[in-house]
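Participant: structure15.tsv is the file, holding TSV, C-alpha atoms:
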chain	number	residue	atom	x	y	z
A	181	MET	CA	16.06	6.24	134.88
A	182	SER	CA	15.77	2.98	132.95
A	183	VAL	CA	18.04	0.28	131.57
A	184	ASP	CA	16.77	-1.93	128.74
A	185	GLY	CA	13.26	-0.69	129.44
A	186	VAL	CA	13.37	-1.60	133.15
A	187	ALA	CA	12.45	1.27	135.46
A	188	MET	CA	15.04	2.13	138.11
A	189	ASP	CA	15.17	4.62	140.96
A	190	ARG	CA	17.98	7.05	141.70
A	191	SER	CA	19.96	4.25	143.38
A	192	GLY	CA	19.99	2.31	140.11
A	193	SER	CA	18.04	-0.68	141.49
A	194	ILE	CA	15.84	-2.58	139.02
A	195	TYR	CA	13.88	-3.84	142.03
A	196	SER	CA	12.68	-0.40	143.13
A	197	THR	CA	9.05	-0.76	141.95
A	198	GLN	CA	8.72	-4.23	143.43
A	199	LEU	CA	10.15	-3.04	146.74
A	200	ARG	CA	7.83	-0.03	146.92
A	201	HIS	CA	4.78	-2.27	146.55
A	202	ALA	CA	6.21	-4.77	149.03
A	203	GLU	CA	6.84	-1.98	151.55
A	204	GLN	CA	3.23	-0.83	151.47
A	205	GLN	CA	1.99	-4.41	151.91
A	206	PHE	CA	4.37	-4.97	154.81
A	207	LEU	CA	3.38	-1.74	156.58
A	208	THR	CA	-0.31	-2.57	156.16
A	209	LEU	CA	0.13	-5.97	157.82
A	210	ALA	CA	2.38	-4.53	160.54
A	211	ALA	CA	-0.05	-1.74	161.39
A	212	GLU	CA	-3.21	-3.87	161.58
A	213	THR	CA	-4.54	-3.95	165.11
A	214	ASN	CA	-4.06	-7.03	167.29
A	215	ASP	CA	-6.64	-5.95	169.89
A	216	SER	CA	-8.87	-8.93	170.72
A	217	ASN	CA	-11.69	-6.54	171.68
A	218	VAL	CA	-12.21	-5.54	168.06
A	219	ASP	CA	-12.79	-7.55	164.92
A	220	THR	CA	-9.28	-8.46	163.75
A	221	PRO	CA	-7.90	-11.28	161.57
A	222	TRP	CA	-4.92	-11.74	163.92
A	223	ILE	CA	-5.06	-14.45	166.58
A	224	LEU	CA	-2.60	-14.55	169.47
A	225	VAL	CA	-1.00	-18.02	169.43
A	226	ALA	CA	2.01	-17.53	171.71
A	227	SER	CA	3.06	-15.04	174.38
A	228	HIS	CA	6.11	-14.60	176.58
A	229	PRO	CA	6.38	-11.93	179.31
A	230	ASP	CA	10.12	-11.31	179.68
A	231	PRO	CA	11.23	-10.32	177.17
A	232	LEU	CA	7.83	-9.40	175.78
A	233	ILE	CA	7.18	-11.65	172.79
A	234	GLN	CA	3.76	-11.94	171.18
A	235	VAL	CA	3.15	-14.15	168.14
A	236	TYR	CA	0.02	-13.68	166.03
A	237	LYS	CA	-1.29	-15.80	163.16
A	238	HIS	CA	-3.49	-14.40	160.40
A	239	GLN	CA	-6.61	-16.59	160.41
A	240	ASP	CA	-7.30	-16.02	156.69
A	241	ALA	CA	-3.88	-17.24	155.50
A	242	ASP	CA	-2.11	-20.58	155.68
A	243	PHE	CA	1.17	-19.04	156.76
A	244	CYS	CA	1.16	-15.39	157.80
A	245	ILE	CA	2.77	-14.69	161.18
A	246	LYS	CA	3.40	-11.42	162.99
A	247	VAL	CA	5.74	-11.08	165.95
A	248	ILE	CA	5.86	-8.11	168.31
A	249	ALA	CA	8.84	-8.17	170.66
A	250	GLU	CA	10.59	-5.76	173.00
A	251	LEU	CA	14.32	-6.47	173.20
A	252	ASN	CA	16.95	-5.34	175.69
A	253	CYS	CA	19.08	-3.23	173.35
A	254	THR	CA	19.00	-0.06	171.28
A	255	PRO	CA	17.03	-0.09	167.99
A	256	GLU	CA	20.29	0.33	166.06
A	257	THR	CA	21.89	-2.72	167.69
A	258	ALA	CA	18.86	-4.90	167.00
A	259	PHE	CA	18.44	-3.68	163.43
A	260	ASP	CA	22.05	-4.29	162.39
A	261	LEU	CA	21.81	-7.86	163.70
A	262	LEU	CA	18.43	-8.61	162.13
A	263	ALA	CA	19.40	-7.13	158.75
A	264	ASP	CA	22.68	-9.09	158.57
A	265	ILE	CA	21.72	-12.31	156.79
A	266	GLN	CA	25.12	-13.83	157.52
A	267	ARG	CA	24.35	-13.76	161.26
A	268	ARG	CA	20.85	-15.22	160.97
A	269	LYS	CA	21.88	-18.67	162.18
A	270	GLU	CA	23.01	-17.15	165.48
A	271	TRP	CA	19.43	-16.51	166.58
A	272	ASP	CA	17.01	-18.23	164.15
A	273	GLU	CA	16.77	-21.84	165.26
A	274	LEU	CA	15.19	-22.94	161.96
A	275	CYS	CA	17.88	-21.37	159.74
A	276	GLU	CA	20.37	-23.93	158.40
A	277	GLU	CA	22.02	-22.05	155.52
A	278	CYS	CA	22.01	-18.37	154.53
A	279	GLY	CA	24.09	-15.90	152.59
A	280	ILE	CA	24.39	-13.21	149.94
A	281	VAL	CA	23.93	-14.06	146.25
A	282	GLU	CA	24.44	-10.57	144.80
A	283	VAL	CA	25.03	-7.06	146.11
A	284	VAL	CA	22.78	-4.75	144.08
A	285	ASN	CA	23.83	-1.63	145.98
A	286	SER	CA	24.49	-0.51	149.56
A	287	SER	CA	20.83	-0.86	150.55
A	288	THR	CA	19.69	-3.76	148.38
A	289	LYS	CA	20.96	-7.34	148.16
A	290	ILE	CA	19.89	-10.69	146.74
A	291	GLN	CA	20.02	-13.23	149.57
A	292	PHE	CA	19.16	-16.87	150.18
A	293	LEU	CA	17.94	-18.76	153.21
A	294	LYS	CA	17.42	-22.47	153.79
A	295	THR	CA	15.42	-23.78	156.74
A	296	LYS	CA	15.78	-27.05	158.58
A	297	GLY	CA	13.22	-29.73	157.89
A	298	VAL	CA	10.62	-30.16	160.64
A	299	TRP	CA	9.44	-33.78	160.53
A	300	PRO	CA	7.60	-34.91	158.53
A	301	ALA	CA	7.96	-31.86	156.25
A	302	SER	CA	10.91	-31.33	153.90
A	303	PRO	CA	13.35	-28.44	154.34
A	304	ARG	CA	12.56	-25.19	152.53
A	305	ASP	CA	14.64	-22.50	150.88
A	306	THR	CA	14.01	-19.15	149.25
A	307	VAL	CA	15.80	-16.42	147.29
A	308	VAL	CA	14.80	-12.86	148.12
A	309	VAL	CA	15.61	-9.28	147.30
A	310	SER	CA	16.25	-7.49	150.59
A	311	HIS	CA	16.21	-3.76	151.19
A	312	ILE	CA	17.00	-1.60	154.23
A	313	LYS	CA	15.98	2.00	154.88
A	314	THR	CA	15.18	4.60	157.53
A	315	MET	CA	11.51	5.54	157.74
A	316	ASN	CA	10.23	9.11	158.07
A	317	ASP	CA	9.41	8.56	161.73
A	318	GLY	CA	12.95	7.35	162.50
A	319	ARG	CA	12.22	3.63	162.62
A	320	TYR	CA	14.28	1.17	160.57
A	321	LEU	CA	12.88	-1.18	157.94
A	322	ASN	CA	14.39	-4.45	156.72
A	323	LEU	CA	12.21	-5.81	153.90
A	324	SER	CA	12.43	-8.93	151.72
A	325	GLN	CA	10.43	-10.55	148.93
A	326	SER	CA	11.02	-13.58	146.72
A	327	VAL	CA	12.73	-13.24	143.34
A	328	GLU	CA	14.25	-15.61	140.80
A	329	HIS	CA	18.01	-15.46	140.38
A	330	SER	CA	20.33	-17.54	138.23
A	331	GLY	CA	22.95	-17.45	140.97
A	332	TYR	CA	20.83	-19.66	143.23
A	333	PRO	CA	18.66	-22.10	141.24
A	334	PRO	CA	16.10	-24.43	142.87
A	335	ARG	CA	17.46	-27.52	144.69
A	336	GLU	CA	14.64	-30.03	144.21
A	337	THR	CA	17.13	-32.83	143.53
A	338	GLU	CA	18.32	-32.41	147.13
A	339	GLY	CA	14.78	-32.73	148.46
A	340	ILE	CA	14.51	-28.99	149.22
A	341	VAL	CA	11.24	-27.21	148.45
A	342	ARG	CA	11.51	-23.65	147.08
A	343	MET	CA	9.01	-21.53	149.07
A	344	ASP	CA	7.61	-18.15	148.08
A	345	ALA	CA	8.27	-15.30	150.51
A	346	LYS	CA	5.44	-12.91	149.66
A	347	ILE	CA	6.35	-10.37	152.35
A	348	THR	CA	8.86	-10.70	155.15
A	349	GLY	CA	10.90	-8.32	157.25
A	350	GLN	CA	11.23	-6.32	160.44
A	351	LEU	CA	10.36	-2.81	161.56
A	352	VAL	CA	12.58	-1.68	164.45
A	353	GLY	CA	12.15	1.37	166.65
A	354	PRO	CA	11.87	2.55	170.26
A	355	THR	CA	9.35	1.05	172.66
A	356	PRO	CA	6.02	2.90	173.07
A	357	ASP	CA	7.21	4.29	176.43
A	358	ASN	CA	10.71	5.14	175.06
A	359	MET	CA	12.54	2.96	177.56
A	360	PRO	CA	16.34	3.52	177.34
A	361	ASN	CA	18.36	0.67	175.83
A	362	MET	CA	15.13	-1.06	174.75
A	363	CYS	CA	13.53	-1.44	171.34
A	364	ARG	CA	10.43	-2.81	169.73
A	365	VAL	CA	10.59	-5.20	166.76
A	366	VAL	CA	7.60	-5.92	164.54
A	367	GLN	CA	8.31	-8.89	162.30
A	368	VAL	CA	5.95	-10.09	159.58
A	369	ALA	CA	6.35	-13.29	157.56
A	370	ASP	CA	3.74	-13.95	154.88
A	371	GLY	CA	4.51	-16.75	152.49
A	372	ASP	CA	3.50	-19.79	150.50
A	373	LEU	CA	5.49	-22.72	151.87
A	374	LYS	CA	4.72	-24.81	148.75
A	375	GLY	CA	4.62	-28.58	148.69
A	376	TRP	CA	3.04	-30.72	151.39
A	377	ILE	CA	3.25	-29.53	154.97
A	378	PRO	CA	0.98	-30.56	157.87
A	379	LYS	CA	-0.83	-27.98	159.97
A	380	THR	CA	1.00	-29.33	163.00
A	381	VAL	CA	4.33	-28.18	161.57
A	382	ILE	CA	2.98	-24.66	161.01
A	383	GLY	CA	1.65	-24.73	164.55
A	384	TYR	CA	5.05	-25.77	165.89
A	385	VAL	CA	6.79	-22.97	163.99
A	386	ALA	CA	4.35	-20.32	165.27
A	387	THR	CA	4.08	-21.43	168.89
A	388	LYS	CA	7.53	-22.88	169.60
A	389	SER	CA	10.22	-22.09	167.04
A	390	VAL	CA	9.48	-18.38	166.52
A	391	PRO	CA	9.25	-17.53	170.26
A	392	ASN	CA	12.41	-19.54	170.99
A	393	SER	CA	14.26	-17.70	168.21
A	394	PHE	CA	13.32	-14.32	169.65
A	395	LYS	CA	14.40	-15.42	173.12
A	396	ARG	CA	17.78	-16.33	171.62
A	397	LEU	CA	17.83	-13.00	169.80
A	398	ASP	CA	17.27	-11.12	173.07
A	399	GLN	CA	20.02	-13.08	174.81
A	400	LEU	CA	22.39	-12.32	171.93
A	401	VAL	CA	21.74	-8.56	171.77
A	402	ARG	CA	22.31	-8.27	175.52
A	403	THR	CA	25.93	-9.31	174.92
A	404	LEU	CA	26.53	-6.74	172.16
A	405	PRO	CA	27.86	-3.25	172.88
A	406	PRO	CA	25.05	-0.66	172.71
A	407	SER	CA	25.06	1.56	169.64
A	408	ASN	CA	23.06	4.63	168.65
A	409	VAL	CA	24.15	4.48	165.01
A	410	SER	CA	23.24	1.76	162.51
A	411	VAL	CA	26.40	0.63	160.77
A	412	LEU	CA	24.45	-0.81	157.82
A	413	LEU	CA	22.31	2.27	157.25
A	414	SER	CA	25.17	4.75	157.70
A	415	ALA	CA	27.04	2.98	154.87
A	416	ILE	CA	24.32	3.94	152.34
A	417	PRO	CA	25.52	6.94	150.26
A	418	GLN	CA	23.27	9.96	149.88
A	419	GLU	CA	22.60	9.30	146.21
A	420	GLU	CA	20.93	5.98	147.11
A	421	GLN	CA	18.49	7.60	149.54
A	422	PRO	CA	14.86	7.70	148.28
A	423	ALA	CA	14.01	10.86	146.38
A	424	VAL	CA	10.43	11.06	147.72
A	425	ALA	CA	9.67	10.45	151.38
A	426	GLU	CA	7.03	7.85	152.12
A	427	PRO	CA	3.92	8.74	154.17
A	428	LEU	CA	4.01	8.03	157.86
A	429	GLU	CA	2.46	4.73	158.87
A	430	PRO	CA	0.69	4.22	162.22
A	431	GLU	CA	2.65	2.43	164.91
A	432	PRO	CA	1.47	-1.17	165.41
A	433	THR	CA	-0.18	-1.52	168.80
A	434	ILE	CA	-0.17	-4.18	171.48
A	435	ALA	CA	-3.36	-4.70	173.42
A	436	VAL	CA	-2.44	-4.03	177.07
A	437	PRO	CA	-4.97	-4.81	179.86
A	438	VAL	CA	-5.98	-1.81	181.99
A	439	PRO	CA	-4.65	-2.16	185.57
A	440	PRO	CA	-7.30	-2.16	188.33
A	441	SER	CA	-5.96	1.15	189.71
A	442	ARG	CA	-6.91	2.90	186.47
A	443	GLU	CA	-10.46	1.53	186.20
A	444	ALA	CA	-11.96	4.74	187.55
A	445	SER	CA	-10.50	6.77	184.67
A	446	VAL	CA	-11.75	4.41	181.98
A	447	SER	CA	-14.80	5.52	179.99
A	448	TYR	CA	-16.91	2.39	179.60
A	449	PRO	CA	-18.46	1.73	176.17
A	450	SER	CA	-22.11	2.12	175.34
A	451	PRO	CA	-24.36	-1.01	175.37
A	452	MET	CA	-24.14	-1.20	171.57
A	453	ARG	CA	-20.32	-1.09	171.62
A	454	ARG	CA	-20.32	-3.67	174.43
A	455	SER	CA	-22.40	-5.97	172.23
A	456	VAL	CA	-20.00	-5.54	169.30
A	457	SER	CA	-17.07	-6.18	171.63
A	458	ARG	CA	-18.68	-9.39	172.95
A	459	ARG	CA	-19.33	-10.61	169.41
A	460	ALA	CA	-15.72	-9.84	168.43
A	461	ARG	CA	-14.41	-11.74	171.47
A	462	SER	CA	-16.69	-14.68	170.66
A	463	ARG	CA	-15.41	-14.76	167.09
A	464	GLY	CA	-11.86	-14.57	168.39
A	465	LEU	CA	-12.40	-17.51	170.78
A	466	PHE	CA	-14.08	-19.54	168.04
A	467	ALA	CA	-11.24	-18.78	165.62
A	468	ARG	CA	-8.65	-19.88	168.20
A	469	PHE	CA	-10.58	-23.11	168.86
A	470	ARG	CA	-10.79	-23.77	165.12
A	471	LEU	CA	-7.04	-23.11	164.77
A	472	VAL	CA	-6.21	-25.57	167.57
A	473	LEU	CA	-8.39	-28.22	165.92
A	474	LYS	CA	-6.61	-27.72	162.59
A	475	TRP	CA	-3.18	-28.18	164.18
A	476	TRP	CA	-4.06	-31.23	166.31
A	477	THR	CA	-6.44	-33.13	164.01
A	478	PRO	CA	-3.65	-35.28	162.45
A	479	TYR	CA	-2.40	-36.27	165.91
A	480	MET	CA	-5.95	-37.09	167.07
A	481	ILE	CA	-6.53	-39.30	164.02
A	482	PHE	CA	-3.25	-41.12	164.64
A	483	VAL	CA	-4.09	-41.72	168.32
A	484	LEU	CA	-7.56	-43.04	167.45
A	485	PHE	CA	-6.04	-45.36	164.83
A	486	VAL	CA	-3.53	-46.75	167.35
A	487	MET	CA	-6.30	-47.27	169.92
A	488	LYS	CA	-8.42	-49.15	167.38
A	489	VAL	CA	-5.53	-51.42	166.38
A	490	TYR	CA	-4.73	-52.06	170.03
A	491	ARG	CA	-8.34	-53.02	170.82
A	492	GLN	CA	-8.48	-55.42	167.87
A	493	PHE	CA	-5.20	-56.97	168.97
A	494	VAL	CA	-6.43	-57.43	172.54
A	495	SER	CA	-9.76	-58.82	171.32
A	496	ARG	CA	-8.07	-61.40	169.11
A	497	GLY	CA	-5.77	-62.34	171.93
A	498	ARG	CA	-8.71	-63.04	174.20
A	499	LEU	CA	-10.41	-65.18	171.53
A	500	GLY	CA	-7.26	-67.13	171.02
A	501	SER	CA	-6.80	-67.82	174.71
A	502	GLY	CA	-10.48	-68.88	174.89
A	503	PHE	CA	-9.97	-71.57	172.23
A	504	ILE	CA	-6.92	-72.86	174.09
A	505	ASP	CA	-8.80	-73.07	177.39
A	506	TYR	CA	-11.60	-74.95	175.68
Since I need it in another form, could you write the structure as structure tokens?

Facilitator:
Amino acid sequence: MSVDGVAMDRSGSIYSTQLRHAEQQFLTLAAETNDSNVDTPWILVASHPDPLIQVYKHQDADFCIKVIAELNCTPETAFDLLADIQRRKEWDELCEECGIVEVVNSSTKIQFLKTKGVWPASPRDTVVVSHIKTMNDGRYLNLSQSVEHSGYPPRETEGIVRMDAKITGQLVGPTPDNMPNMCRVVQVADGDLKGWIPKTVIGYVATKSVPNSFKRLDQLVRTLPPSNVSVLLSAIPQEEQPAVAEPLEPEPTIAVPVPPSREASVSYPSPMRRSVSRRARSRGLFARFRLVLKWWTPYMIFVLFVMKVYRQFVSRGRLGSGFIDY
């Protein structure tokens, strides 16, 4: 189907091709291993045990963050909350404004989001096309990518920088051990924040703001009544369902240490694999060290500058007092 030469799927969405490409990119990032024992571009930058929240940063990108969290609710409860842009401010501590610009159909909307400014960086906003669907394996996907829309033009005159959301969204499903009333959320945010923004601000977002937001999310879903049916997905009519099922994607994995009681059943790697594992761990440690230096270099420079000014001030004070004594 096409309108004015623009390809559309059976749901009538002109964004169908863009969303299909975005979905494959999202699933690739979500499925990449986070195991520190193998060569991986993902670096663990924040971790919280209860609820389980792990935040990873892609070392080859300025701003590409993956979150793996296990929340105390059913997948349907978590998905309906995460996919509802109008409730984003309830759990995302950086979200200042959000809403719907246009309803394309029951599964696709044009939405906007504005973040708070984190000093000394300016606030950001973005306009995205968002799409929800049920995957072949039963998990739920909420996917977004930047678009231009006349209903929400840039706001540079207000000092707001329009960022580019390359890929962002959540994949929600049961936990690996199928715990009742629990779910696993894999969130990926890959974007170009545009404008000037210090590394320290990106570090704060990854290590503080994102974990805190997921803690708030877990507290919020605990108060909601459990549901085994997604209200948002059940509202999609049959004619808007995809005509061709997508291939199954591997489940993203969390590296879990082997308990001492299970050491006897573990098959230890060969010397060659041990060597590769050591090199991978060394690269991982070096990458983390390099990441920390990037985030804290501006602070270190500022501290050194203050110390230098202070020493000059004290030195001049001593010279002055010496002339007086003379």

Participant: Need to verify the contact set: Gly318 of chain A, 10 Å, all atoms listed in the file, exclusion of same-chain residues closer than 2 positions in sequence. Can you return it as number ranges by chain?

Facilitator: A: 313-316, 320-321, 352-354

Participant: For a test of reading the model, state the distance in Å between atom CA of Cys244 of chain A and atom CA of Asn217 of chain A, rounded to one decimal.

Facilitator: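 Computing the Euclidean distance for atom CA of Cys244 of chain A and atom CA of Asn217 of chain A yields 20.9 Å.
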
Participant: Between atom CA of Ile245 of chain A and atom CA of Asp370 of chain A, what is the distance in Å, rounded to a tenth?

Facilitator: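 Between atom CA of Ile245 of chain A and atom CA of Asp370 of chain A the gap is 6.4 Å.
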
Participant: Hey, can you check how far atom CA of Val281 of chain A sits from atom CA of Gly375 of chain A?

Facilitator: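 Computing it gives 24.3 Å between the two atoms.
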
Participant: So that I can see what lies close to Ile223 of chain A, please list as a count of residues only the residues with an atom at most 7 Å from it, counting all atoms listed in the file and leaving out residues fewer than 3 positions away in the same chain.

Facilitator: 5

Participant: When distances are computed from only C-alpha atoms, which of A:Thr220, A:Thr348, A:Gln325, A:Gln367 shows the smallest separation from Phe394 of chain A?

Facilitator: A:Gln367

Participant: For Asp240 of chain A, which residue out of A:Trp222, A:Leu400, A:Asp344, A:Phe259 is the nearest one, using only C-alpha atoms?

Facilitator: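 Ranking A:Trp222, A:Leu400, A:Asp344, A:Phe259 by distance to Asp240 of chain A, first place goes to A:Trp222.
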
Participant: Using only C-alpha atoms, which residues of segment 284-386 of chain A come within 12 Å of segment 261-266 of chain A, and what is the closest atom pair for each, with the distance in Å to one decimal? Give it as JSON lines, sorted by chain and residue number.

Facilitator:
{"residue": "A:Ser287", "atom": "CA", "partner": "A:Ala263", "partner_atom": "CA", "distance": 10.4}
{"residue": "A:Thr288", "atom": "CA", "partner": "A:Ala263", "partner_atom": "CA", "distance": 10.9}
{"residue": "A:Lys289", "atom": "CA", "partner": "A:Ile265", "partner_atom": "CA", "distance": 10.0}
{"residue": "A:Ile290", "atom": "CA", "partner": "A:Ile265", "partner_atom": "CA", "distance": 10.3}
{"residue": "A:Gln291", "atom": "CA", "partner": "A:Ile265", "partner_atom": "CA", "distance": 7.5}
{"residue": "A:Phe292", "atom": "CA", "partner": "A:Ile265", "partner_atom": "CA", "distance": 8.4}
{"residue": "A:Leu293", "atom": "CA", "partner": "A:Ile265", "partner_atom": "CA", "distance": 8.3}
{"residue": "A:Lys294", "atom": "CA", "partner": "A:Ile265", "partner_atom": "CA", "distance": 11.4}
{"residue": "A:Val307", "atom": "CA", "partner": "A:Ile265", "partner_atom": "CA", "distance": 11.9}
{"residue": "A:Val308", "atom": "CA", "partner": "A:Ile265", "partner_atom": "CA", "distance": 11.1}
{"residue": "A:Val309", "atom": "CA", "partner": "A:Ile265", "partner_atom": "CA", "distance": 11.7}
{"residue": "A:Ser310", "atom": "CA", "partner": "A:Ala263", "partner_atom": "CA", "distance": 8.8}
{"residue": "A:His311", "atom": "CA", "partner": "A:Ala263", "partner_atom": "CA", "distance": 8.9}
{"residue": "A:Ile312", "atom": "CA", "partner": "A:Ala263", "partner_atom": "CA", "distance": 7.5}
{"residue": "A:Lys313", "atom": "CA", "partner": "A:Ala263", "partner_atom": "CA", "distance": 10.5}
{"residue": "A:Tyr320", "atom": "CA", "partner": "A:Ala263", "partner_atom": "CA", "distance": 9.9}
{"residue": "A:Leu321", "atom": "CA", "partner": "A:Ala263", "partner_atom": "CA", "distance": 8.9}
{"residue": "A:Asn322", "atom": "CA", "partner": "A:Ala263", "partner_atom": "CA", "distance": 6.0}
{"residue": "A:Leu323", "atom": "CA", "partner": "A:Ala263", "partner_atom": "CA", "distance": 8.8}
{"residue": "A:Ser324", "atom": "CA", "partner": "A:Ala263", "partner_atom": "CA", "distance": 10.1}
{"residue": "A:Thr348", "atom": "CA", "partner": "A:Ala263", "partner_atom": "CA", "distance": 11.7}
{"residue": "A:Gly349", "atom": "CA", "partner": "A:Ala263", "partner_atom": "CA", "distance": 8.7}
{"residue": "A:Gln350", "atom": "CA", "partner": "A:Leu262", "partner_atom": "CA", "distance": 7.7}
{"residue": "A:Leu351", "atom": "CA", "partner": "A:Leu262", "partner_atom": "CA", "distance": 10.0}
{"residue": "A:Val352", "atom": "CA", "partner": "A:Leu262", "partner_atom": "CA", "distance": 9.4}
{"residue": "A:Val365", "atom": "CA", "partner": "A:Leu262", "partner_atom": "CA", "distance": 9.7}
{"residue": "A:Val366", "atom": "CA", "partner": "A:Leu262", "partner_atom": "CA", "distance": 11.4}
{"residue": "A:Gln367", "atom": "CA", "partner": "A:Leu262", "partner_atom": "CA", "distance": 10.1}

Participant: From the options A:Met362, A:Ile382, A:Met487, A:Leu373, which residue's atoms come nearest to Glu256 of chain A, counting all atoms listed in the file?

Facilitator: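 Smallest separation from Glu256 of chain A among the options: A:Met362.
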
Participant: Let me make sure I understand: among A:Val368, A:Gly339, A:Ser326, A:Gly331, which one has the smallest atom-to-atom distance to Gln205 of chain A if we use all atoms listed in the file?

Facilitator: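 Using all atoms listed in the file, Gln205 of chain A sits closest to A:Val368.
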
Participant: From the options A:Ile194, A:Tyr332, A:Ile347, A:Pro303, which residue's atoms come nearest to Phe243 of chain A, counting all atoms listed in the file?

Facilitator: A:Ile347

Participant: Distance cut-off 6 Å, centre (3.0, -16.0, 170.5) in file coordinates, counting only C-alpha atoms: which residues qualify? Return them as number ranges by chain.

Facilitator: A: 224-227, 234-236, 387
